[in-house]
Protein chains: 2
Amino acid sequence: MMATPSKFVLYNYWRSSCSWRVRAVLELKKIPYEYRAINLVKGEQYGKEFQQINPISQVPTLQFQTSDGRTEILYESMAIIDYLEQTFPTPSIYPNDPIERAKVIAIAETIVSGIQPIQNLVVMKKIEEITGSKDQSVEWSREWIRKKFQMLETMLKSMSGTHTFGDHLTLADFCLVPQVANAIKFKVDMNEFPLLKRLNEFLLTTESIAKARPDNQPDKM
Amino acid sequence: MMATPSKFVLYNYWRSSCSWRVRAVLELKKIPYEYRAINLVKGEQYGKEFQQINPISQVPTLQFQTSDGRTEILYESMAIIDYLEQTFPTPSIYPNDPIERAKVIAIAETIVSGIQPIQNLVVMKKIEEITGSKDQSVEWSREWIRKKFQMLETMLKSMSGTHTFGDHLTLADFCLVPQVANAIKFKVDMNEFPLLKRLNEFLLTTESIAKARPDNQPDKM
């Protein structure tokens with residue numbers, strides 16, 4: 001039997017939705033980790049110190065010691081989560097059936113590649129630069145989220161139960177809740193999305209998601 | 001033993017980079033499929049006919065018959081690819097080691113969620129609308145790809161061999177090549193990225209990627 005990896009350190013930021021996803025999976029799988037805050041708004045991800053950890057300045061970054069004593073780092077939230085799922089398979093973030101599993105991934109990717117990247121900090125800064133207006137960059141994010149949430153609300157009608165997919169906690173939940181938090185931050189009216197709203201309110205009460213929420217992190221401002 | 005699913009139909013578009021990813025995996029795994037073209041530029045994904053297949057108008061969409069005779073559809077390229085990997089595990093698109101596997105996913109996600117969504121058709125249209133200039137929307141895509149390719153080139157220095165990750169074909173290759181094709185379409189100077197350029201030129205000669213390339217599809221214009 002393989003020894004397990006250890007000494008997990010998560011470089012992350014309280015308000016980053018990608019960080020929240022990873023924190024929730026760590027909580028679900030009861031993996032102890034050290035929290036190290038990287039302030040994305042101050043640009044600490046580009047600082048000399050963090051670049052020695054991760055030369056491409058990505059947060060969240062997971063550092064750990066492998067079973068044979070090497071120090072490894074992983075980044076990109078979906079890659080970190082896949083590693084955790086492979087290495088600590090129980091409880092799983094996926095249904096067993098491969099079609100259901102693919103549907104969970106479809107929901108996750110609709111958020112991870114379909115919504116978050118278009119409304120993130122660097123893109124918003126670029127929109128502000130082009131339009132000369134901070135308001136327009138917020139409007140940009142609000143409108144994209146709204147448009148994509150309409151799609152997601154339709155998608156989930158045939159998929160959700162008590163949870164985003166069916167009646168169990170999955171990766172889809174860990175992606176949905178942080179994205180709804182972003183929506184609320186950008187003043188998207190969640191009453192337009194009764195299903196997403198109901199799922200979000202319920203999921204915020206589940207242990208792993210609640211522990212991982214931004215408000216409960218040490219670098220919260 | 002489970003009967004295998006059958007009658008695969010791929011709704012896709014020759015020039016869509018997400019479609020190319022899925023076609024390449026189908027080729028690698030030697031899964032026969034029927035090709036059905038959905039012209040994204042003409043907006044056929046929003047047409048009545050396709051909406052009966054996929055109410056949220058996503059391409060690529062994979063339709064198939066399950067082993068117990070149901071008709072299923074899956075969409076989101078990474079979800080479709082995960083299903084194919086789960087159901088037809090050989091040859092695999094991942095290394096066996098969970099850390100190496102996560103690094104392959106990190107490369108894939110850097111492209112799938114970090115680059116493609118910001119330079120895709122709907123975002124470009126919005127930029128054209130905001131700026132009133134088609135040229136500026138092309139410039140938008142070119143600049144994002146350039147910026148993210150700088151990051152990818154750095155990332156891959158410690159990961160690539162003959163292939164994007166190490167010396168074997170993986171999901172990372174199926175994501176990289178279609179993204180480089182987009183870069184070339186937007187006139188990104190690939191001489192700035194010697195590693196990506198070299199990998200792309202080599203990978204275009206591999207069977208599954210070559211068969212799946214846009215030029216070889218029936219709806220090519």
# chains A, B, ... in the order shown; residues from 1 in each chain; ligands from 1
>>> closest_atom_pairs(of="chain B", to="chain A", cutoff="6 Å", atoms="only C-alpha atoms", output="Markdown table")
| residue | atom | partner | partner_atom | distance |
| --- | --- | --- | --- | --- |
| B:Glu76 | CA | A:Ala106 | CA | 5.4 |
| B:Ala79 | CA | A:Ala102 | CA | 4.7 |
| B:Tyr83 | CA | A:Ala102 | CA | 5.6 |
| B:Pro98 | CA | A:Tyr83 | CA | 5.8 |
| B:Ala102 | CA | A:Ala79 | CA | 4.7 |
| B:Ile105 | CA | A:Ala79 | CA | 5.1 |
| B:Ala106 | CA | A:Ala79 | CA | 5.1 |
| B:Ser113 | CA | A:Ser113 | CA | 4.0 |
| B:Ile118 | CA | A:Ile118 | CA | 5.9 |
>>> write_last_selection(atoms="N, CA and C atoms", output="JSON list (two decimals), in the first residue's frame")
[["chain", "number", "residue", "atom", "x", "y", "z"],
["B", 76, "GLU", "N", -20.81, 19.84, -23.37],
["B", 76, "GLU", "CA", -19.58, 20.34, -22.73],
["B", 76, "GLU", "C", -18.46, 19.37, -23.07],
["B", 79, "ALA", "N", -16.90, 17.12, -20.41],
["B", 79, "ALA", "CA", -17.83, 16.12, -19.89],
["B", 79, "ALA", "C", -17.95, 14.95, -20.87],
["B", 83, "TYR", "N", -16.73, 11.05, -20.20],
["B", 83, "TYR", "CA", -17.60, 9.88, -20.44],
["B", 83, "TYR", "C", -16.91, 8.87, -21.35],
["B", 98, "PRO", "N", -1.45, 9.79, -10.37],
["B", 98, "PRO", "CA", -2.43, 10.85, -10.12],
["B", 98, "PRO", "C", -1.86, 12.28, -10.17],
["B", 102, "ALA", "N", -3.08, 14.97, -12.90],
["B", 102, "ALA", "CA", -3.55, 16.31, -12.53],
["B", 102, "ALA", "C", -2.81, 17.39, -13.34],
["B", 105, "ILE", "N", -4.45, 17.63, -16.63],
["B", 105, "ILE", "CA", -5.70, 18.39, -16.50],
["B", 105, "ILE", "C", -5.43, 19.88, -16.32],
["B", 106, "ALA", "N", -4.36, 20.22, -15.61],
["B", 106, "ALA", "CA", -4.01, 21.64, -15.43],
["B", 106, "ALA", "C", -3.70, 22.29, -16.78],
["B", 113, "SER", "N", -10.56, 26.53, -19.82],
["B", 113, "SER", "CA", -11.24, 27.57, -19.05],
["B", 113, "SER", "C", -10.44, 28.87, -19.02],
["B", 118, "ILE", "N", -12.55, 33.20, -23.36],
["B", 118, "ILE", "CA", -12.39, 34.65, -23.47],
["B", 118, "ILE", "C", -12.29, 35.08, -24.94]]
>>> residues_around(residues="Tyr33 in chain A", least_positions_apart="3", cutoff="7 Å", atoms="only C-alpha atoms", output="list in words")
Lys7, Phe8, Val9 and Leu10 of chain A
>>> closest_residue(among="B:Asp189, B:Glu139, B:Glu34, B:Glu201", to="Val177 in chain B", atoms="only C-alpha atoms")
B:Glu201
>>> residues_around(residues="Ile93 in chain B", least_positions_apart="4", cutoff="9 Å", atoms="only C-alpha atoms", output="list in words")
Val25, Leu28, Glu85, Pro89, His168, Leu169, Thr170, Leu171 and Ala172 of chain B
>>> residues_around(residues="Thr71 in chain A", least_positions_apart="6", cutoff="10 Å", atoms="only C-alpha atoms", output="compact mmCIF listing (two decimals) with C-alpha atoms, in the first residue's frame")
# COMPACT_ATOMS: atom_id res chain seq x y z
CA PRO A 5 0.75 12.37 0.73
CA SER A 6 0.90 14.91 3.55
CA LYS A 7 1.60 18.49 4.65
CA PHE A 8 -0.99 20.07 2.41
CA GLN A 63 1.55 22.28 -2.20
CA PHE A 64 2.18 18.94 -0.52
CA GLN A 65 4.67 16.25 0.23
>>> residues_around(residues="Ser17 in chain A", least_positions_apart="3", cutoff="8 Å", atoms="only C-alpha atoms", output="list in words")
Trp20, Arg21, Pro178, Gln179 and Asn182 of chain A
>>> select_by_dssp(residues="range 1-209 of chain B", states="strand (DSSP E or B)", output="count of residues only")
23
>>> closest_residue(among="A:Gly69, A:Leu196, A:Tyr94, A:Arg142", to="Ser160 in chain A", atoms="only C-alpha atoms")
A:Leu196
>>> select_by_dssp(residues="range 82-179 of chain A", states="alpha helix (DSSP H)", output="VMD selection string")
chain A and resid 82 to 87 98 to 112 121 to 131 134 to 157 171 to 179
>>> residues_around(residues="Asn12 in chain A", least_positions_apart="2", cutoff="8 Å", atoms="only C-alpha atoms", output="number ranges by chain")
A: 10, 14, 16, 19, 35-39, 59-61
>>> closest_residue(among="B:Phe149, B:Cys18, B:Asn120, B:Ala24", to="Lys211 in chain B", atoms="only C-alpha atoms")
B:Ala24
>>> atom_distance(atom1="CA of Gly166 in chain B", atom2="CA of Pro194 in chain B")
16.7 Å
>>> decode(residues="range 33-109 of chain A", atoms="C-alpha atoms", output="mmCIF file, in the first residue's frame")
data_model
loop_
_atom_site.group_PDB
_atom_site.id
_atom_site.type_symbol
_atom_site.label_atom_id
_atom_site.label_comp_id
_atom_site.auth_asym_id
_atom_site.auth_seq_id
_atom_site.Cartn_x
_atom_site.Cartn_y
_atom_site.Cartn_z
ATOM 1 C CA TYR A 33 -4.360 21.706 5.310
ATOM 2 C CA GLU A 34 -2.506 24.867 6.143
ATOM 3 C CA TYR A 35 -4.155 28.042 4.841
ATOM 4 C CA ARG A 36 -1.882 30.607 3.229
ATOM 5 C CA ALA A 37 -3.505 33.767 2.002
ATOM 6 C CA ILE A 38 -2.484 35.357 -1.306
ATOM 7 C CA ASN A 39 -4.192 38.713 -1.746
ATOM 8 C CA LEU A 40 -5.239 38.779 -5.407
ATOM 9 C CA VAL A 41 -6.497 42.353 -5.240
ATOM 10 C CA LYS A 42 -3.090 43.556 -3.999
ATOM 11 C CA GLY A 43 -1.435 41.392 -6.703
ATOM 12 C CA GLU A 44 0.461 39.177 -4.267
ATOM 13 C CA GLN A 45 0.220 36.333 -6.799
ATOM 14 C CA TYR A 46 2.744 38.228 -8.933
ATOM 15 C CA GLY A 47 5.097 38.867 -6.001
ATOM 16 C CA LYS A 48 8.609 37.424 -5.833
ATOM 17 C CA GLU A 49 7.789 35.206 -2.863
ATOM 18 C CA PHE A 50 4.812 33.465 -4.446
ATOM 19 C CA GLN A 51 6.497 33.149 -7.811
ATOM 20 C CA GLN A 52 9.053 30.885 -6.156
ATOM 21 C CA ILE A 53 6.173 28.589 -5.277
ATOM 22 C CA ASN A 54 4.276 28.972 -8.538
ATOM 23 C CA PRO A 55 6.078 30.667 -11.454
ATOM 24 C CA ILE A 56 2.835 31.234 -13.317
ATOM 25 C CA SER A 57 1.139 33.033 -10.406
ATOM 26 C CA GLN A 58 -1.992 30.895 -10.246
ATOM 27 C CA VAL A 59 -4.235 30.739 -7.193
ATOM 28 C CA PRO A 60 -5.393 28.348 -5.796
ATOM 29 C CA THR A 61 -2.129 26.402 -5.622
ATOM 30 C CA LEU A 62 -1.854 23.230 -3.573
ATOM 31 C CA GLN A 63 1.550 22.283 -2.197
ATOM 32 C CA PHE A 64 2.176 18.941 -0.523
ATOM 33 C CA GLN A 65 4.670 16.254 0.234
ATOM 34 C CA THR A 66 4.374 13.062 -1.810
ATOM 35 C CA SER A 67 4.506 9.629 -0.215
ATOM 36 C CA ASP A 68 8.155 9.348 -1.277
ATOM 37 C CA GLY A 69 9.121 12.707 0.199
ATOM 38 C CA ARG A 70 9.117 15.078 -2.780
ATOM 39 C CA THR A 71 7.458 18.480 -2.571
ATOM 40 C CA GLU A 72 4.934 18.943 -5.362
ATOM 41 C CA ILE A 73 2.660 21.771 -6.390
ATOM 42 C CA LEU A 74 -0.543 21.618 -8.371
ATOM 43 C CA TYR A 75 -2.690 24.462 -9.686
ATOM 44 C CA GLU A 76 -5.921 24.988 -11.657
ATOM 45 C CA SER A 77 -8.861 24.205 -9.397
ATOM 46 C CA MET A 78 -10.193 21.328 -11.528
ATOM 47 C CA ALA A 79 -6.764 19.676 -11.631
ATOM 48 C CA ILE A 80 -6.307 19.987 -7.862
ATOM 49 C CA ILE A 81 -9.789 18.578 -7.302
ATOM 50 C CA ASP A 82 -9.117 15.651 -9.647
ATOM 51 C CA TYR A 83 -5.937 14.857 -7.727
ATOM 52 C CA LEU A 84 -7.774 14.932 -4.405
ATOM 53 C CA GLU A 85 -10.521 12.702 -5.804
ATOM 54 C CA GLN A 86 -8.002 10.204 -7.191
ATOM 55 C CA THR A 87 -5.953 10.134 -4.002
ATOM 56 C CA PHE A 88 -8.750 10.330 -1.426
ATOM 57 C CA PRO A 89 -11.661 8.715 -3.257
ATOM 58 C CA THR A 90 -14.068 8.612 -0.299
ATOM 59 C CA PRO A 91 -16.456 10.381 -0.068
ATOM 60 C CA SER A 92 -16.559 10.828 -3.810
ATOM 61 C CA ILE A 93 -17.581 14.037 -5.555
ATOM 62 C CA TYR A 94 -19.096 12.041 -8.432
ATOM 63 C CA PRO A 95 -21.968 9.602 -8.944
ATOM 64 C CA ASN A 96 -20.818 6.082 -9.935
ATOM 65 C CA ASP A 97 -22.667 5.926 -13.226
ATOM 66 C CA PRO A 98 -20.469 7.328 -16.053
ATOM 67 C CA ILE A 99 -23.364 9.198 -17.696
ATOM 68 C CA GLU A 100 -24.389 10.829 -14.419
ATOM 69 C CA ARG A 101 -20.750 11.611 -13.706
ATOM 70 C CA ALA A 102 -20.444 13.303 -17.118
ATOM 71 C CA LYS A 103 -23.542 15.381 -16.361
ATOM 72 C CA VAL A 104 -21.984 16.567 -13.102
ATOM 73 C CA ILE A 105 -18.888 17.561 -15.061
ATOM 74 C CA ALA A 106 -21.062 19.336 -17.640
ATOM 75 C CA ILE A 107 -22.636 21.462 -14.896
ATOM 76 C CA ALA A 108 -19.209 22.142 -13.380
ATOM 77 C CA GLU A 109 -17.676 23.122 -16.723
#
